[in-house]
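Reading through the structure tokens given below for one structure.
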Amino acid sequence: WGVTVNGISTIYLLICLGLSVDYSVHIAHIFKESFGSMDDRAVGAMTRIGPSVFHALFSTILAVIVLVRSKSYIFEVFFKVLFLVTMIAGFKGLWLLPVALSIVGGSKEEPQDDVKEVTNVQEGVN
């Protein structure tokens with residue numbers, strides 16, 4: 001796209017790295033907190049937080065798309081870097097990560113009743 005590595009593109013790239021991690025972290029966090037089989041956890045994560053991540057991705061693209069016709073070098077680079085990173089991060093967070101987690105994420109069983117824990121604590125007191 002004709003963007004060279006310079007101070008402006010480097011600053012924009014560093015900002016975008018935070019955004020690119022953000023989408024995946026939200027999906028991974030909900031996956032980590034959910035229970036069930038790998039597939040159930042991946043579907044649950046996408047059902048629970050997927051729409052919010054998609055809306056964040058879509059609104060970022062809408063906010064940046066207005067810069068596509070800019071003639072200023074700074075805004076051209078900002079558009080190119082942010083648009084490309086947002087598209088790649090969206091693909092990674094909304095498609096690649098859930099698929100990978102459903103394959104290698106592992107199952108997680110729900111914890112047992114808290115009644116057993118209370119009983120164990122009471123037995124230790126006596």
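By convention here, the chains of the structure tokens are called A, B, ... in the order presented, each chain's residues are numbered starting at 1, and ligands are numbered starting at 1 in the order presented.
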
*Please provide the set of residues having any atom within 10 Å of region 38-40 of chain A, restricted to only C-alpha atoms, with same-chain residues fewer than 4 positions apart removed, written as a PyMOL selection string.*
chain A and resi 31+34+44-46+98-108

_CA of Lys71 (chain A) to CA of Thr86 (chain A), distance in Å rounded to a single decimal_ = 21.4 Å

_Shell around Val64 (chain A) at 9 Å using only C-alpha atoms, local window under 2 positions removed, as a PyMOL selection string_ = chain A and resi 59-62+66-68+78-79+82-83

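Atom pair CA of Ala63 (chain A) / CA of Phe75 (chain A) has a distance of 12.4 Å (rounded to one decimal).
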
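Rounded to one decimal, CA of Ser24 (chain A) and CA of Leu97 (chain A) lie 6.9 Å from each other.
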
*Which parts of region 20-112 of chain A does DSSP call alpha helix (DSSP H) when run on the backbone here, written out as JSON, numbers by chain?*
{"A": [20, 21, 22, 23, 24, 25, 26, 27, 28, 29, 30, 31, 32, 33, 38, 39, 40, 41, 42, 43, 44, 45, 46, 47, 48, 50, 51, 52, 53, 54, 55, 56, 57, 58, 59, 60, 61, 62, 63, 64, 65, 73, 74, 75, 76, 77, 78, 79, 80, 81, 82, 83, 84, 85, 86, 87, 88, 89, 90, 91, 97, 98, 99, 100, 101, 102, 103, 104]}

_When you count only C-alpha atoms, which of these residues is closest to Ser9 (chain A): A:Glu110, A:Asp22, A:Glu33, A:Glu76?_
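With only C-alpha atoms as the atom set, the closest residue is A:Glu76.
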
Skip Cys16 (chain A) itself and residues of its chain fewer than 2 positions away, then list as a tab-separated table (two decimals) with all heavy atoms, in the first residue's frame all residues within 10 Å of it, counting only C-alpha atoms.
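Result went into out-v4.tsv, see below:
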```
chain	number	residue	atom	x	y	z
A	10	THR	N	5.05	3.90	12.55
A	10	THR	CA	5.40	3.12	13.74
A	10	THR	C	4.48	3.45	14.90
A	10	THR	O	4.02	2.54	15.61
A	10	THR	CB	6.87	3.38	14.14
A	10	THR	OG1	7.71	3.08	13.03
A	10	THR	CG2	7.27	2.55	15.33
A	11	ILE	N	4.18	4.71	15.11
A	11	ILE	CA	3.26	5.11	16.18
A	11	ILE	C	1.88	4.51	15.93
A	11	ILE	O	1.25	3.95	16.84
A	11	ILE	CB	3.19	6.64	16.30
A	11	ILE	CG1	4.51	7.18	16.86
A	11	ILE	CG2	2.02	7.07	17.19
A	11	ILE	CD1	4.64	8.68	16.78
A	12	TYR	N	1.39	4.60	14.72
A	12	TYR	CA	0.08	4.03	14.39
A	12	TYR	C	0.07	2.52	14.56
A	12	TYR	O	-0.91	1.94	15.04
A	12	TYR	CB	-0.34	4.40	12.97
A	12	TYR	CG	-0.67	5.86	12.79
A	12	TYR	CD1	-0.49	6.47	11.57
A	12	TYR	CD2	-1.17	6.62	13.83
A	12	TYR	CE1	-0.80	7.81	11.38
A	12	TYR	CE2	-1.47	7.96	13.66
A	12	TYR	CZ	-1.28	8.55	12.43
A	12	TYR	OH	-1.59	9.86	12.26
A	13	LEU	N	1.15	1.88	14.19
A	13	LEU	CA	1.23	0.43	14.33
A	13	LEU	C	1.21	0.02	15.80
A	13	LEU	O	0.54	-0.96	16.16
A	13	LEU	CB	2.50	-0.09	13.65
A	13	LEU	CG	2.63	-1.60	13.59
A	13	LEU	CD1	1.47	-2.21	12.79
A	13	LEU	CD2	3.95	-2.00	12.97
A	14	LEU	N	1.89	0.75	16.66
A	14	LEU	CA	1.88	0.45	18.08
A	14	LEU	C	0.49	0.63	18.68
A	14	LEU	O	0.06	-0.17	19.52
A	14	LEU	CB	2.90	1.30	18.82
A	14	LEU	CG	4.36	0.98	18.53
A	14	LEU	CD1	5.28	1.98	19.20
A	14	LEU	CD2	4.68	-0.43	18.97
A	18	GLY	N	-2.45	-2.77	20.20
A	18	GLY	CA	-3.37	-2.86	21.34
A	18	GLY	C	-4.77	-3.23	20.90
A	18	GLY	O	-5.45	-4.05	21.53
A	19	LEU	N	-5.24	-2.64	19.81
A	19	LEU	CA	-6.57	-2.96	19.29
A	19	LEU	C	-6.63	-4.40	18.81
A	19	LEU	O	-7.63	-5.09	19.01
A	19	LEU	CB	-6.93	-2.03	18.13
A	19	LEU	CG	-7.33	-0.62	18.49
A	19	LEU	CD1	-7.52	0.20	17.22
A	19	LEU	CD2	-8.59	-0.61	19.30
A	20	SER	N	-5.58	-4.86	18.17
A	20	SER	CA	-5.61	-6.21	17.61
A	20	SER	C	-5.66	-7.27	18.70
A	20	SER	O	-6.26	-8.33	18.52
A	20	SER	CB	-4.40	-6.43	16.70
A	20	SER	OG	-3.22	-6.43	17.44
A	21	VAL	N	-5.03	-7.02	19.82
A	21	VAL	CA	-5.07	-7.96	20.93
A	21	VAL	C	-6.43	-7.92	21.63
A	21	VAL	O	-6.93	-8.93	22.12
A	21	VAL	CB	-3.93	-7.65	21.93
A	21	VAL	CG1	-4.06	-8.43	23.20
A	21	VAL	CG2	-2.59	-7.90	21.28
A	22	ASP	N	-7.05	-6.76	21.64
A	22	ASP	CA	-8.30	-6.54	22.36
A	22	ASP	C	-9.40	-7.51	21.93
A	22	ASP	O	-10.08	-8.10	22.77
A	22	ASP	CB	-8.75	-5.09	22.16
A	22	ASP	CG	-9.94	-4.73	23.03
A	22	ASP	OD1	-9.87	-5.00	24.23
A	22	ASP	OD2	-10.91	-4.18	22.49
A	78	PHE	N	-2.63	6.59	8.55
A	78	PHE	CA	-3.51	6.18	9.65
A	78	PHE	C	-4.61	5.26	9.13
A	78	PHE	O	-4.88	4.22	9.72
A	78	PHE	CB	-4.12	7.41	10.33
A	78	PHE	CG	-4.98	7.08	11.52
A	78	PHE	CD1	-4.41	6.60	12.68
A	78	PHE	CD2	-6.35	7.27	11.46
A	78	PHE	CE1	-5.20	6.30	13.78
A	78	PHE	CE2	-7.14	6.96	12.55
A	78	PHE	CZ	-6.56	6.48	13.71
A	81	VAL	N	-3.00	1.74	7.90
A	81	VAL	CA	-2.54	0.88	9.00
A	81	VAL	C	-3.72	0.42	9.85
A	81	VAL	O	-3.85	-0.78	10.14
A	81	VAL	CB	-1.48	1.62	9.85
A	81	VAL	CG1	-1.15	0.85	11.11
A	81	VAL	CG2	-0.23	1.88	9.04
A	82	LEU	N	-4.57	1.32	10.26
A	82	LEU	CA	-5.68	0.95	11.15
A	82	LEU	C	-6.67	0.03	10.44
A	82	LEU	O	-7.15	-0.94	11.03
A	82	LEU	CB	-6.39	2.20	11.67
A	82	LEU	CG	-7.43	1.96	12.77
A	82	LEU	CD1	-6.79	1.30	13.97
A	82	LEU	CD2	-8.09	3.25	13.17
A	83	PHE	N	-6.99	0.30	9.20
A	83	PHE	CA	-7.92	-0.55	8.46
A	83	PHE	C	-7.37	-1.97	8.32
A	83	PHE	O	-8.06	-2.95	8.59
A	83	PHE	CB	-8.22	0.05	7.09
A	83	PHE	CG	-9.22	-0.73	6.30
A	83	PHE	CD1	-10.57	-0.61	6.58
A	83	PHE	CD2	-8.82	-1.59	5.30
A	83	PHE	CE1	-11.52	-1.34	5.85
A	83	PHE	CE2	-9.74	-2.32	4.57
A	83	PHE	CZ	-11.10	-2.19	4.86
A	84	LEU	N	-6.11	-2.07	7.91
A	84	LEU	CA	-5.52	-3.39	7.71
A	84	LEU	C	-5.41	-4.17	9.02
A	84	LEU	O	-5.79	-5.34	9.09
A	84	LEU	CB	-4.14	-3.24	7.07
A	84	LEU	CG	-3.46	-4.53	6.64
A	84	LEU	CD1	-4.29	-5.24	5.58
A	84	LEU	CD2	-2.08	-4.23	6.10
A	85	VAL	N	-4.93	-3.52	10.06
A	85	VAL	CA	-4.80	-4.20	11.35
A	85	VAL	C	-6.17	-4.58	11.90
A	85	VAL	O	-6.34	-5.68	12.45
A	85	VAL	CB	-4.02	-3.33	12.35
A	85	VAL	CG1	-4.10	-3.89	13.76
A	85	VAL	CG2	-2.57	-3.22	11.92
A	86	THR	N	-7.17	-3.73	11.75
A	86	THR	CA	-8.51	-4.04	12.24
A	86	THR	C	-9.09	-5.24	11.51
A	86	THR	O	-9.71	-6.11	12.12
A	86	THR	CB	-9.43	-2.81	12.09
A	86	THR	OG1	-8.86	-1.72	12.81
A	86	THR	CG2	-10.81	-3.08	12.64
A	89	ALA	N	-7.12	-8.35	12.71
A	89	ALA	CA	-7.47	-8.65	14.10
A	89	ALA	C	-8.90	-9.18	14.22
A	89	ALA	O	-9.18	-10.07	15.02
A	89	ALA	CB	-7.30	-7.41	14.97
```

*asked:* Please determine, counting only C-alpha atoms, which residue among A:His29, A:Ile74, A:His55, A:Tyr23 has the shortest atom-to-atom distance to Ile88 (chain A).
replied: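 The shortest atom-to-atom distance to Ile88 (chain A) comes from A:Tyr23.
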